[in-house]
Amino acid sequence: GINAEYGVRGPFLEAISADDWYNGESFRSLETGYVRLYNRLLGGIRFRQQRVGPDSCITDKDFRPLIKECYWYYNLFSQDTSGFGWKITGYPNEGKPEFYTLERRFNYTNAEKAGGRHNWGYISSYYPPGGFIYDVLSNESFANAYEYLEEHLWVDKGTRVVFLQVNLVNMNYFQMVTNAVFMLEFDPGGLVNPVLCVD
C-alpha cells in the first residue's frame with residue numbers, strides 16, 4: 001500500500017491531520033487546518049493515481065501456465081482506465097440475491113473533468129491530469145480517507161503512480177501560496193521512487 005517508509009503514513013499523515021500541540025494541548029479553532037503550524041491548507045487534498053492493465057506486457061510462453069498477468073511501465077498505450085475494486089450495494093430482501101448489485105469502487109476521471117495539469121516523472125516521463133481520483137475535503141478527514149483507501153487496496157499491482165496534491169499558504173513568508181505534489185512512482189519490478197514537487 002501507500003507505506004510508511006515513503007513518508008505518507010508517518011510524517012505526512014501526522015502533519016496534515018494534527019489536532020494538538022506537541023505537549024498534548026488541543027488546538028484552538030483558529031489553529032486547526034495547518035500543516036506543521038506554518039502552512040494553512042487551502043481547500044482539500046487530492047489522491048490521484050494512474051494505472052496499467054494486467055495485459056500491458058507479454059509473458060514469455062514458457063511462463064504463461066504460471067503467470068497470467070503482466071503489468072508494464074506506464075505510458076498512454078499501457079494505461080488502464082477501467083474501474084477496479086468491487087463493492088456490494090443494495091439491501092437483502094428475504095435473502096434474494098437479485099437485490100444485491102456489484103459496482104466498481106474506484107472509477108477513472110478523464111483529464112478534462114479532473115482539471116489540473118500533467119506531471120513529469122522519472123520512471124515514466126509523462127502523467128496526464130486525469131486518473132483515479134479520491135478527494136478529501138478537509139484535513140480532519142484525511143486520516144479516515146487514508147485508512148479507507150488502504151483498507152480497499154487502492155494501491156495494487158496495476159498502480160504506477162500515486163499523487164497527493166495540496167494547496168498551502170504561508171502568511172508568515174510573504175503570503176506565499178504553494179501547490180505541493182507528493183508523487184510515488186512504481187516500476188514493474190517493485191521499485192518505488194518518491195518525488196516532491198513544489199510550485
# chains A, B, ... in the order shown; residues from 1 in each chain; ligands from 1
>>> select_by_dssp(residues="segment 43-170 of chain A", states="alpha helix (DSSP H)", output="PyMOL selection string")
chain A and resi 111-114+142-151
>>> write_last_selection(atoms="N, CA and C atoms", output="short mmCIF file (atom, residue, chain, number, x, y, z; two decimals), in the first residue's frame")
data_model
loop_
_atom_site.label_atom_id
_atom_site.label_comp_id
_atom_site.auth_asym_id
_atom_site.auth_seq_id
_atom_site.Cartn_x
_atom_site.Cartn_y
_atom_site.Cartn_z
N ALA A 111 -9.12 13.67 -18.08
CA ALA A 111 -8.33 14.88 -17.82
C ALA A 111 -9.19 16.14 -17.84
N GLU A 112 -10.13 16.22 -18.75
CA GLU A 112 -10.97 17.42 -18.86
C GLU A 112 -11.81 17.63 -17.61
N LYS A 113 -12.41 16.55 -17.10
CA LYS A 113 -13.24 16.65 -15.90
C LYS A 113 -12.39 16.83 -14.64
N ALA A 114 -11.22 16.20 -14.61
CA ALA A 114 -10.36 16.24 -13.42
C ALA A 114 -9.74 17.62 -13.21
N PHE A 142 -8.66 13.52 6.56
CA PHE A 142 -7.56 12.92 5.81
C PHE A 142 -7.18 11.55 6.34
N ALA A 143 -7.05 11.40 7.64
CA ALA A 143 -6.67 10.11 8.23
C ALA A 143 -7.71 9.05 7.90
N ASN A 144 -8.99 9.41 7.96
CA ASN A 144 -10.05 8.45 7.62
C ASN A 144 -10.00 8.06 6.15
N ALA A 145 -9.76 9.04 5.27
CA ALA A 145 -9.67 8.76 3.84
C ALA A 145 -8.49 7.84 3.55
N TYR A 146 -7.37 8.10 4.19
CA TYR A 146 -6.18 7.28 4.00
C TYR A 146 -6.47 5.83 4.42
N GLU A 147 -7.12 5.66 5.56
CA GLU A 147 -7.45 4.32 6.04
C GLU A 147 -8.42 3.62 5.09
N TYR A 148 -9.38 4.37 4.55
CA TYR A 148 -10.35 3.80 3.60
C TYR A 148 -9.64 3.29 2.35
N LEU A 149 -8.75 4.10 1.78
CA LEU A 149 -8.04 3.70 0.58
C LEU A 149 -7.15 2.49 0.84
N GLU A 150 -6.50 2.48 1.98
CA GLU A 150 -5.64 1.36 2.33
C GLU A 150 -6.46 0.09 2.54
N GLU A 151 -7.57 0.20 3.23
CA GLU A 151 -8.44 -0.95 3.50
C GLU A 151 -8.97 -1.57 2.22
#
>>> closest_atom_pairs(of="segment 73-177 of chain A", to="segment 44-68 of chain A", cutoff="7 Å", atoms="only C-alpha atoms", output="JSON lines")
{"residue": "A:Tyr74", "atom": "CA", "partner": "A:Val52", "partner_atom": "CA", "distance": 6.1}
{"residue": "A:Ser78", "atom": "CA", "partner": "A:Ser56", "partner_atom": "CA", "distance": 5.2}
{"residue": "A:Gln79", "atom": "CA", "partner": "A:Val52", "partner_atom": "CA", "distance": 4.6}
{"residue": "A:Asp80", "atom": "CA", "partner": "A:Val52", "partner_atom": "CA", "distance": 4.6}
{"residue": "A:Gly131", "atom": "CA", "partner": "A:Gln50", "partner_atom": "CA", "distance": 5.3}
{"residue": "A:Phe132", "atom": "CA", "partner": "A:Gln49", "partner_atom": "CA", "distance": 5.2}
{"residue": "A:Ile133", "atom": "CA", "partner": "A:Arg48", "partner_atom": "CA", "distance": 4.4}
{"residue": "A:Tyr134", "atom": "CA", "partner": "A:Phe47", "partner_atom": "CA", "distance": 5.1}
{"residue": "A:Asp135", "atom": "CA", "partner": "A:Arg46", "partner_atom": "CA", "distance": 4.5}
{"residue": "A:Val136", "atom": "CA", "partner": "A:Ile45", "partner_atom": "CA", "distance": 5.0}
{"residue": "A:Leu137", "atom": "CA", "partner": "A:Gly44", "partner_atom": "CA", "distance": 4.3}
{"residue": "A:Ser138", "atom": "CA", "partner": "A:Gly44", "partner_atom": "CA", "distance": 5.2}
{"residue": "A:Gly158", "atom": "CA", "partner": "A:Val52", "partner_atom": "CA", "distance": 5.1}
{"residue": "A:Thr159", "atom": "CA", "partner": "A:Arg51", "partner_atom": "CA", "distance": 4.6}
{"residue": "A:Arg160", "atom": "CA", "partner": "A:Arg51", "partner_atom": "CA", "distance": 5.3}
{"residue": "A:Val161", "atom": "CA", "partner": "A:Gln49", "partner_atom": "CA", "distance": 5.4}
{"residue": "A:Val162", "atom": "CA", "partner": "A:Gln49", "partner_atom": "CA", "distance": 4.4}
{"residue": "A:Phe163", "atom": "CA", "partner": "A:Arg48", "partner_atom": "CA", "distance": 5.0}
{"residue": "A:Leu164", "atom": "CA", "partner": "A:Phe47", "partner_atom": "CA", "distance": 4.8}
{"residue": "A:Gln165", "atom": "CA", "partner": "A:Arg46", "partner_atom": "CA", "distance": 5.0}
{"residue": "A:Val166", "atom": "CA", "partner": "A:Ile45", "partner_atom": "CA", "distance": 5.1}
>>> closest_residue(among="A:Arg105, A:Arg40, A:His152, A:Lys157", to="Cys70 of chain A", atoms="only C-alpha atoms")
A:Lys157
>>> closest_residue(among="A:Val169, A:Val155, A:Ser26, A:Pro194", to="Leu42 of chain A", atoms="only C-alpha atoms")
A:Val169
>>> closest_residue(among="A:Phe174, A:Trp120, A:Tyr108, A:Trp72", to="Val195 of chain A", atoms="only C-alpha atoms")
A:Trp120
>>> select_by_dssp(residues="segment 6-192 of chain A", states="strand (DSSP E)", output="ChimeraX atom specification")
/A:34-35,39-51,84-89,101-106,108-109,119-120,126-127,131-136,159-170,176-186,192
>>> write_last_selection(atoms="C-alpha atoms", output="PDB file, in the first residue's frame")
ATOM      1  CA  TYR A  34      -2.346  23.997   9.326  1.00  0.00           C
ATOM      2  CA  VAL A  35       0.448  21.742   8.128  1.00  0.00           C
ATOM      3  CA  ASN A  39       1.231  26.415   6.197  1.00  0.00           C
ATOM      4  CA  ARG A  40      -2.526  26.826   6.014  1.00  0.00           C
ATOM      5  CA  LEU A  41      -4.361  24.230   3.960  1.00  0.00           C
ATOM      6  CA  LEU A  42      -6.402  25.807   1.134  1.00  0.00           C
ATOM      7  CA  GLY A  43      -9.245  23.561   0.052  1.00  0.00           C
ATOM      8  CA  GLY A  44      -8.958  19.818   0.206  1.00  0.00           C
ATOM      9  CA  ILE A  45      -6.430  17.109  -0.504  1.00  0.00           C
ATOM     10  CA  ARG A  46      -6.455  15.074  -3.690  1.00  0.00           C
ATOM     11  CA  PHE A  47      -5.286  11.488  -4.020  1.00  0.00           C
ATOM     12  CA  ARG A  48      -4.793  10.536  -7.669  1.00  0.00           C
ATOM     13  CA  GLN A  49      -3.292   7.551  -9.402  1.00  0.00           C
ATOM     14  CA  GLN A  50      -2.539   6.250 -12.887  1.00  0.00           C
ATOM     15  CA  ARG A  51      -2.683   2.529 -13.642  1.00  0.00           C
ATOM     16  CA  PHE A  84     -11.408  -1.510 -10.066  1.00  0.00           C
ATOM     17  CA  GLY A  85     -12.253  -2.644  -6.555  1.00  0.00           C
ATOM     18  CA  TRP A  86     -15.668  -4.272  -6.170  1.00  0.00           C
ATOM     19  CA  LYS A  87     -18.289  -3.156  -3.679  1.00  0.00           C
ATOM     20  CA  ILE A  88     -21.709  -4.589  -2.938  1.00  0.00           C
ATOM     21  CA  THR A  89     -24.657  -2.211  -2.931  1.00  0.00           C
ATOM     22  CA  THR A 101     -25.534  -5.167  -7.015  1.00  0.00           C
ATOM     23  CA  LEU A 102     -21.787  -5.252  -7.604  1.00  0.00           C
ATOM     24  CA  GLU A 103     -20.268  -1.901  -8.540  1.00  0.00           C
ATOM     25  CA  ARG A 104     -16.764  -0.637  -9.097  1.00  0.00           C
ATOM     26  CA  ARG A 105     -15.467   1.194  -6.041  1.00  0.00           C
ATOM     27  CA  PHE A 106     -12.923   3.345  -7.936  1.00  0.00           C
ATOM     28  CA  TYR A 108     -11.483   6.764 -13.854  1.00  0.00           C
ATOM     29  CA  THR A 109     -11.922  10.526 -14.293  1.00  0.00           C
ATOM     30  CA  ASN A 119       3.120  15.789 -14.245  1.00  0.00           C
ATOM     31  CA  TRP A 120       6.596  14.732 -15.318  1.00  0.00           C
ATOM     32  CA  TYR A 126       4.505  11.845 -18.558  1.00  0.00           C
ATOM     33  CA  TYR A 127       1.333  11.526 -16.477  1.00  0.00           C
ATOM     34  CA  GLY A 131      -6.824   9.268 -13.278  1.00  0.00           C
ATOM     35  CA  PHE A 132      -8.443   7.538 -10.350  1.00  0.00           C
ATOM     36  CA  ILE A 133      -9.208  10.418  -8.010  1.00  0.00           C
ATOM     37  CA  TYR A 134     -10.235  10.470  -4.373  1.00  0.00           C
ATOM     38  CA  ASP A 135     -10.798  13.968  -2.971  1.00  0.00           C
ATOM     39  CA  VAL A 136     -10.679  14.724   0.744  1.00  0.00           C
ATOM     40  CA  THR A 159      -0.665   1.167  -9.785  1.00  0.00           C
ATOM     41  CA  ARG A 160       2.164   3.040 -11.484  1.00  0.00           C
ATOM     42  CA  VAL A 161       1.978   6.437  -9.791  1.00  0.00           C
ATOM     43  CA  VAL A 162       0.182   7.947  -6.798  1.00  0.00           C
ATOM     44  CA  PHE A 163      -0.129  11.700  -6.246  1.00  0.00           C
ATOM     45  CA  LEU A 164      -1.076  13.547  -3.069  1.00  0.00           C
ATOM     46  CA  GLN A 165      -1.867  17.124  -4.033  1.00  0.00           C
ATOM     47  CA  VAL A 166      -2.376  20.010  -1.599  1.00  0.00           C
ATOM     48  CA  ASN A 167      -2.551  23.804  -1.841  1.00  0.00           C
ATOM     49  CA  LEU A 168      -0.999  25.741   1.020  1.00  0.00           C
ATOM     50  CA  VAL A 169      -0.489  29.364   2.019  1.00  0.00           C
ATOM     51  CA  ASN A 170       2.173  30.642   4.411  1.00  0.00           C
ATOM     52  CA  MET A 176       3.342  32.566  -0.318  1.00  0.00           C
ATOM     53  CA  VAL A 177       0.804  30.254  -1.980  1.00  0.00           C
ATOM     54  CA  THR A 178       2.166  26.819  -2.831  1.00  0.00           C
ATOM     55  CA  ASN A 179       0.918  23.806  -4.725  1.00  0.00           C
ATOM     56  CA  ALA A 180       2.674  20.734  -3.345  1.00  0.00           C
ATOM     57  CA  VAL A 181       2.531  17.379  -5.118  1.00  0.00           C
ATOM     58  CA  PHE A 182       3.950  14.336  -3.385  1.00  0.00           C
ATOM     59  CA  MET A 183       4.425  11.652  -6.040  1.00  0.00           C
ATOM     60  CA  LEU A 184       5.203   7.952  -5.622  1.00  0.00           C
ATOM     61  CA  GLU A 185       6.173   6.221  -8.857  1.00  0.00           C
ATOM     62  CA  PHE A 186       6.110   2.405  -9.036  1.00  0.00           C
ATOM     63  CA  VAL A 192       9.249   2.965  -5.622  1.00  0.00           C
TER      64      VAL A 192
END
>>> atom_distance(atom1="atom CA of Ile123 of chain A", atom2="atom CA of Asp187 of chain A")
6.6 Å
>>> atom_distance(atom1="atom CA of His118 of chain A", atom2="atom CA of Asn193 of chain A")
17.8 Å
